[in-house]
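Engineer: Dumping the structure here so I can ask a few things about it.
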Amino acid sequence: MDHHRLRIWQEQKKGPHLITRKAVKFGWIKGVLVRCLLNIWGVMLFLRLSWVVGQSGILCATCIVLLSAVVTCLTTISMSAICTNGEVKGGGAYYMISRSLGPEFGGSIGLIFSMANAVAVAMYVVGFAETVRDVLVESGIEILGYVHDVRLIGEVTLVLILCIALIGTAWEARAQIILLIILLLSMVNMIVGSFLPPTEEKLSKGFVGYNFDVLKVNLLPDYTDGYNFSWFSVFSFQQQQGYWLGPTSQEILGMAVWCCNGEKASGNIDDVGNGTVSEVCIEFDDCEFGLSNDYRASRLIAGWGPLVLAGIFSATLSSALASMVSAPKVFQAVCKDKIFPKVEFFAVGSGASDEPKRAYFLTYFIAAGFTAVGALDTIAPLISNFFLMSYALINFSCFSASLAQSPGWRPAFKFYNMWVALLASAMCVGVMFLINWWAALITIVVVTALYAYVKHTKPVFSLYCRNQLGLSNQAFIYKRALDSTLQLNRVPDHIKTFRPQILVLTGEPDTRPALLRFVNNITKNNSLLLCGNVSFGDQEKNLQRLLDDHSVNWLAQQKIKGFPAHVTATSLRTGVQSLLQLGGLGKIKPNLVVLGFKNDWATAEAQQVEDYVGIIHDSFDMNLGVAIFRIKEGFDVSSALNDPGYLKKMKENSKMALVTEVDINIEVSDADDPGATPLAPLIDSTALIKCQPNQVIKSVQLFQGKGPKGQIHVWWLFDDGGLTLLVPYLLTIKSHWEKCTLKIFTGGKKDQLNKEKQNMASLLNKFRIDHDSVEIIPDIGKTAKKESKARFEERIKPLRVDKSKGESRETHPWKITDDELDELRDKTNRQLRLQELLFEHSKDAQLIVMSLPMPRKKSCSAYLYMSWLETLSQDLPPMLLMRGNQTSVLTYYS
């Protein structure tokens, strides 16, 4: 029973009321407007805005507010475009960035955005705690000390906020509305109070009402001596206001102007003198009141101070509640996508609304740690860079999606511009550096490190994540690939840029893992690798197999950068012809065909052998090189993959550790899941090798990891353009054979061995082919031994034309005739002699690479050619028989 059915069954057992339960939904007022207003009218408005005016002056403070509004408004426009281009689910900024720029950027931003919100909880709680502490100090009460009281009050408040969040978002939404009402009344109280004549006490503390002289003094900056304040360091406090709306920006700007306090005041009534502005604002250098020194200046403006105090409490608690709910939701979305390892624990939700209660506790502990700092001014700038980086990537997501020109980018919100979004992104990054250059660098390094981690690990994302990823970078990749491919067509071929581009006939890639890994050691994920697969029959009958992405997933899991190429045809040869003609795109197309050796050629149907040899002819006709690879164990493990006993045998084998989980769960991973979509069946072929389990295990394990030290023996018997030398050299570079050295064998004259050896070594050095040694074989053309000839005659005896049965070359073109044997006797002798030399020199090699004999059409039958290949490769180490297409692939020049 799958998890989905099990969950429904459990709900049915518990009662029908649980099934009909729906997640709590909030409208745009409760869910958006109220939360945004509370975030905007937060702790900074009451506790730091007056200080911003005192430090930067009204003119610079106005610029700060306007710049904040510009940055956040432009971000809101970009966000609106992204949001209206499809459904946006849980996760907010993380969801938008991950679905636009990819999980790498999304995952990194998701973590720091969650952290920023968690730290923001601490910032708001500390703001609340500072206010409560000040009230207690005014009442003559001190618990543990000036700073410790903030920490104590903050930690207790944090516990209460956690409890409210755990009760549920519905209760949190109701609490937010109440807090908003108190906040609005408090703001009205401040506006009304600004018009009331100040009392002597307020005058002594710097509040003088609307006064032109005070306005002139407060216009320009006056940064506090002894502190490293600047325009942008002050800006960092204002940047916490969230997404700004036009009316609210104007209102906050008005509040800044209404703060008509003096910059400095002593708080002593006697110092007021005649009440002149100059005495209150300028003469007192060592003062604890005034805009530059008193964070509580907003309370002086109010008509009734306690109501402002209630507003401060509402602002801080509402913002803390919003961040306490936001941080876990974002982190839960990151955890659900399984971008980072071992975080699924925090993805678990409870209730109909899928409340991330585990993530709530994580947020609490993070916030508790920062609350222990007990200093609002220390925490606030720390968060600015996190939010600004998020804003930068949201804007860049909009720009990226627009620039990619993907047909899927169709936002309903039309009032955006890609270049404005790019400008906003650059502004966010620029402001980060202007606020604090080292903090900006740290933020960028953290994001880059997380990006690199996700990019390197390539996690298997959850089904939810995979279904939602429609990334703008995918559109970029497509567009860049298309442009590069078209550009490549206009670039002439050059020997220095040659690389093997391989079509390997694997069938389903997972059925011949050893063959595919071997070829991947050649391409090294740096050149084209096509995995050719031919299904017999018409397209309609093989539609499911053609559309199945099983091969794509398997290649990705094996970290093999290749492309499955699946066609249907009436025969193997016809299908391969289609692959030869249409495989690749432009100049990114195969120049080398690799086949696994057909171990059952002597017993298989004659037409299959004809097709196999015909494929070699077709490849040469298409001006491609050909390589045939053989191992003792055989490559095809498809019969074992369909055998339930195979898994048990694999697990019992002592070398099981070398087999990856992906290898042994190809076809049976969904066997116990009745709701799963079945994978496409494996290729149905009568030519499957009936391997024993141990042989299958050996085949699956081959060419994984680093191999032992040894030698690769290269028998370069013909000049095919150098491909037979280049491929083994590539194998020694960062592959299974990197611990091996090359030993080159070639033919030569007996009386000129030293000279030819020197010439060959010099040639290899010019080609920059590192090698261990060179050996010249003078007697390749020598007559083979009688024993070798006898074995060959015995092998081909059942494969010859039997005239007594009425057979002839015309009726059985694949069989061997007497005339053919006579005509090709020298070539046959050469293969027999080469077999003797191979057993003499190369039986202990790690790999043998040898020039492939060239089959001539019509003059060499399929059975004779396969007999040659059998003679050359039987009972030897892994052997690669290959021949280039006479195109030069090696050059002397750099």
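Simple scheme: letters A, B, ... for chains in structure tokens order, numbers from 1 for residues in each chain, numbers from 1 for ligands in the order shown.
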Give me the residues within 8 Å of A:Arg512 as a PyMOL selection string, counting only C-alpha atoms and dropping any in the same chain fewer than 2 places off.
Structural biologist: chain A and resi 506-510+514-516+635-638+700
Engineer: Output N, CA and C atoms of each residue in that selection to a file, as a PDB file, in the first residue's frame.
Structural biologist:
```pdb
ATOM      1  N   THR A 506      23.841   0.740 -26.855  1.00  0.00           N
ATOM      2  CA  THR A 506      23.665   0.141 -25.533  1.00  0.00           C
ATOM      3  C   THR A 506      22.336  -0.567 -25.358  1.00  0.00           C
ATOM      4  N   GLY A 507      21.377  -0.326 -26.268  1.00  0.00           N
ATOM      5  CA  GLY A 507      20.011  -0.695 -25.917  1.00  0.00           C
ATOM      6  C   GLY A 507      19.569   0.227 -24.801  1.00  0.00           C
ATOM      7  N   GLU A 508      18.741  -0.273 -23.881  1.00  0.00           N
ATOM      8  CA  GLU A 508      18.460   0.511 -22.685  1.00  0.00           C
ATOM      9  C   GLU A 508      19.775   0.693 -21.927  1.00  0.00           C
ATOM     10  N   PRO A 509      20.164   1.938 -21.600  1.00  0.00           N
ATOM     11  CA  PRO A 509      21.488   2.159 -20.996  1.00  0.00           C
ATOM     12  C   PRO A 509      21.760   1.320 -19.760  1.00  0.00           C
ATOM     13  N   ASP A 510      20.717   1.055 -18.951  1.00  0.00           N
ATOM     14  CA  ASP A 510      20.967   0.305 -17.722  1.00  0.00           C
ATOM     15  C   ASP A 510      21.164  -1.178 -17.959  1.00  0.00           C
ATOM     16  N   ALA A 514      28.429  -1.649 -17.953  1.00  0.00           N
ATOM     17  CA  ALA A 514      29.883  -1.676 -18.122  1.00  0.00           C
ATOM     18  C   ALA A 514      30.292  -1.042 -19.442  1.00  0.00           C
ATOM     19  N   LEU A 515      29.555  -1.333 -20.511  1.00  0.00           N
ATOM     20  CA  LEU A 515      29.861  -0.741 -21.818  1.00  0.00           C
ATOM     21  C   LEU A 515      29.715   0.775 -21.754  1.00  0.00           C
ATOM     22  N   LEU A 516      28.663   1.232 -21.104  1.00  0.00           N
ATOM     23  CA  LEU A 516      28.428   2.668 -21.035  1.00  0.00           C
ATOM     24  C   LEU A 516      29.488   3.364 -20.180  1.00  0.00           C
ATOM     25  N   PHE A 635      28.289  -7.930 -21.708  1.00  0.00           N
ATOM     26  CA  PHE A 635      27.732  -6.662 -21.254  1.00  0.00           C
ATOM     27  C   PHE A 635      26.263  -6.737 -20.864  1.00  0.00           C
ATOM     28  N   ASP A 636      25.506  -7.544 -21.551  1.00  0.00           N
ATOM     29  CA  ASP A 636      24.047  -7.481 -21.419  1.00  0.00           C
ATOM     30  C   ASP A 636      23.597  -8.149 -20.117  1.00  0.00           C
ATOM     31  N   VAL A 637      23.004  -7.355 -19.216  1.00  0.00           N
ATOM     32  CA  VAL A 637      22.502  -7.881 -17.943  1.00  0.00           C
ATOM     33  C   VAL A 637      20.983  -7.769 -17.869  1.00  0.00           C
ATOM     34  N   SER A 638      20.330  -7.556 -18.997  1.00  0.00           N
ATOM     35  CA  SER A 638      18.881  -7.331 -18.986  1.00  0.00           C
ATOM     36  C   SER A 638      18.114  -8.555 -18.493  1.00  0.00           C
ATOM     37  N   VAL A 700      28.515  -5.778 -14.027  1.00  0.00           N
ATOM     38  CA  VAL A 700      27.985  -4.540 -13.453  1.00  0.00           C
ATOM     39  C   VAL A 700      29.078  -3.762 -12.728  1.00  0.00           C
TER      40      VAL A 700
END
```
Engineer: When you draw a straight line from atom CA of A:Cys740 to atom CA of A:Ser762, how long is it in Å?
Structural biologist: 20.9 Å
Engineer: Output as a list in words all residues of stretch 766-863 of chain A that backbone DSSP marks as strand (DSSP E).
Structural biologist: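 Output for stretch 766-863 of chain A, strand (DSSP E) only: Ser773, Val774, Glu775, Ile776, Ile777, Leu847, Ile848, Val849, Met850 and Ser851 of chain A.
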Engineer: Could you tell me how far atom CA of A:Phe413 lies from atom CA of A:Met79, in Å and to one decimal?
Structural biologist: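 Distance between the two atoms: 9.7 Å.
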Engineer: For the atom pair atom CA of A:Arg499 and atom CA of A:Gly583, what is the interatomic distance in Å to one decimal place?
Structural biologist: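 Rounded to one decimal, the two atoms are 16.4 Å apart.
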Engineer: Do you know which residues are at most 8 Å from A:Met427 counting only C-alpha atoms, after dropping those on the same chain fewer than 3 positions away, and could you put them as an NGL selection string?
Structural biologist: :A and (71 or 392 or 423-424 or 430-431)
Engineer: Would you write out those residues with N, CA and C atoms, as a tab-separated table (two decimals), in the first residue's frame?
Structural biologist:
```
chain	number	residue	atom	x	y	z
A	71	VAL	N	13.73	50.94	-3.85
A	71	VAL	CA	14.23	49.57	-3.90
A	71	VAL	C	13.11	48.57	-3.71
A	392	ALA	N	17.56	41.38	-4.37
A	392	ALA	CA	18.38	41.40	-5.59
A	392	ALA	C	18.06	40.20	-6.47
A	423	LEU	N	18.27	46.89	-13.06
A	423	LEU	CA	18.75	48.05	-12.32
A	423	LEU	C	18.45	47.89	-10.83
A	424	ALA	N	17.24	47.43	-10.50
A	424	ALA	CA	16.88	47.24	-9.10
A	424	ALA	C	17.77	46.20	-8.44
A	430	GLY	N	24.54	47.09	-4.77
A	430	GLY	CA	25.33	48.28	-4.48
A	430	GLY	C	25.09	48.82	-3.08
A	431	VAL	N	23.82	48.85	-2.68
A	431	VAL	CA	23.49	49.33	-1.34
A	431	VAL	C	24.10	48.43	-0.28
```
Engineer: Stretch 487-492 of chain A: which residues within 10 Å, counting only C-alpha atoms, same-chain residues fewer than 6 positions away excluded, as a ChimeraX atom specification?
Structural biologist: /A:481,585-588
Engineer: Selected residues, all heavy atoms, written as a PDB file, in the first residue's frame, please.
Structural biologist:
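What follows is the written file out_12.pdb:
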```
ATOM      1  N   ALA A 481      22.488  27.069 -25.873  1.00  0.00           N
ATOM      2  CA  ALA A 481      22.865  25.860 -26.610  1.00  0.00           C
ATOM      3  C   ALA A 481      22.508  25.984 -28.081  1.00  0.00           C
ATOM      4  O   ALA A 481      23.283  25.589 -28.969  1.00  0.00           O
ATOM      5  CB  ALA A 481      22.186  24.642 -25.992  1.00  0.00           C
ATOM      6  N   LEU A 585      23.201  16.911 -33.649  1.00  0.00           N
ATOM      7  CA  LEU A 585      22.635  18.143 -34.187  1.00  0.00           C
ATOM      8  C   LEU A 585      23.761  18.994 -34.739  1.00  0.00           C
ATOM      9  O   LEU A 585      24.691  19.355 -34.028  1.00  0.00           O
ATOM     10  CB  LEU A 585      21.896  18.905 -33.083  1.00  0.00           C
ATOM     11  CG  LEU A 585      21.155  20.165 -33.500  1.00  0.00           C
ATOM     12  CD1 LEU A 585      19.998  19.819 -34.437  1.00  0.00           C
ATOM     13  CD2 LEU A 585      20.615  20.891 -32.270  1.00  0.00           C
ATOM     14  N   GLY A 586      23.677  19.316 -36.016  1.00  0.00           N
ATOM     15  CA  GLY A 586      24.727  20.110 -36.644  1.00  0.00           C
ATOM     16  C   GLY A 586      26.057  19.388 -36.582  1.00  0.00           C
ATOM     17  O   GLY A 586      26.174  18.213 -36.938  1.00  0.00           O
ATOM     18  N   LYS A 587      27.069  20.107 -36.084  1.00  0.00           N
ATOM     19  CA  LYS A 587      28.388  19.489 -35.948  1.00  0.00           C
ATOM     20  C   LYS A 587      28.542  18.722 -34.645  1.00  0.00           C
ATOM     21  O   LYS A 587      29.565  18.079 -34.434  1.00  0.00           O
ATOM     22  CB  LYS A 587      29.477  20.550 -36.051  1.00  0.00           C
ATOM     23  CG  LYS A 587      29.653  21.089 -37.465  1.00  0.00           C
ATOM     24  CD  LYS A 587      30.884  21.939 -37.589  1.00  0.00           C
ATOM     25  CE  LYS A 587      31.092  22.372 -39.027  1.00  0.00           C
ATOM     26  NZ  LYS A 587      32.301  23.191 -39.201  1.00  0.00           N
ATOM     27  N   ILE A 588      27.536  18.809 -33.806  1.00  0.00           N
ATOM     28  CA  ILE A 588      27.560  17.991 -32.592  1.00  0.00           C
ATOM     29  C   ILE A 588      26.882  16.677 -32.942  1.00  0.00           C
ATOM     30  O   ILE A 588      25.712  16.430 -32.615  1.00  0.00           O
ATOM     31  CB  ILE A 588      26.846  18.708 -31.432  1.00  0.00           C
ATOM     32  CG1 ILE A 588      27.439  20.092 -31.220  1.00  0.00           C
ATOM     33  CG2 ILE A 588      26.972  17.897 -30.150  1.00  0.00           C
ATOM     34  CD1 ILE A 588      26.768  20.883 -30.123  1.00  0.00           C
TER      35      ILE A 588
END
```
Engineer: Kindly indicate which residue among A:Thr817, A:Thr72, A:Ser78, A:Asn765 lies nearest to A:Phe415, using only C-alpha atoms for the distances.
Structural biologist: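 Among the listed residues, the smallest separation from A:Phe415 belongs to A:Ser78.
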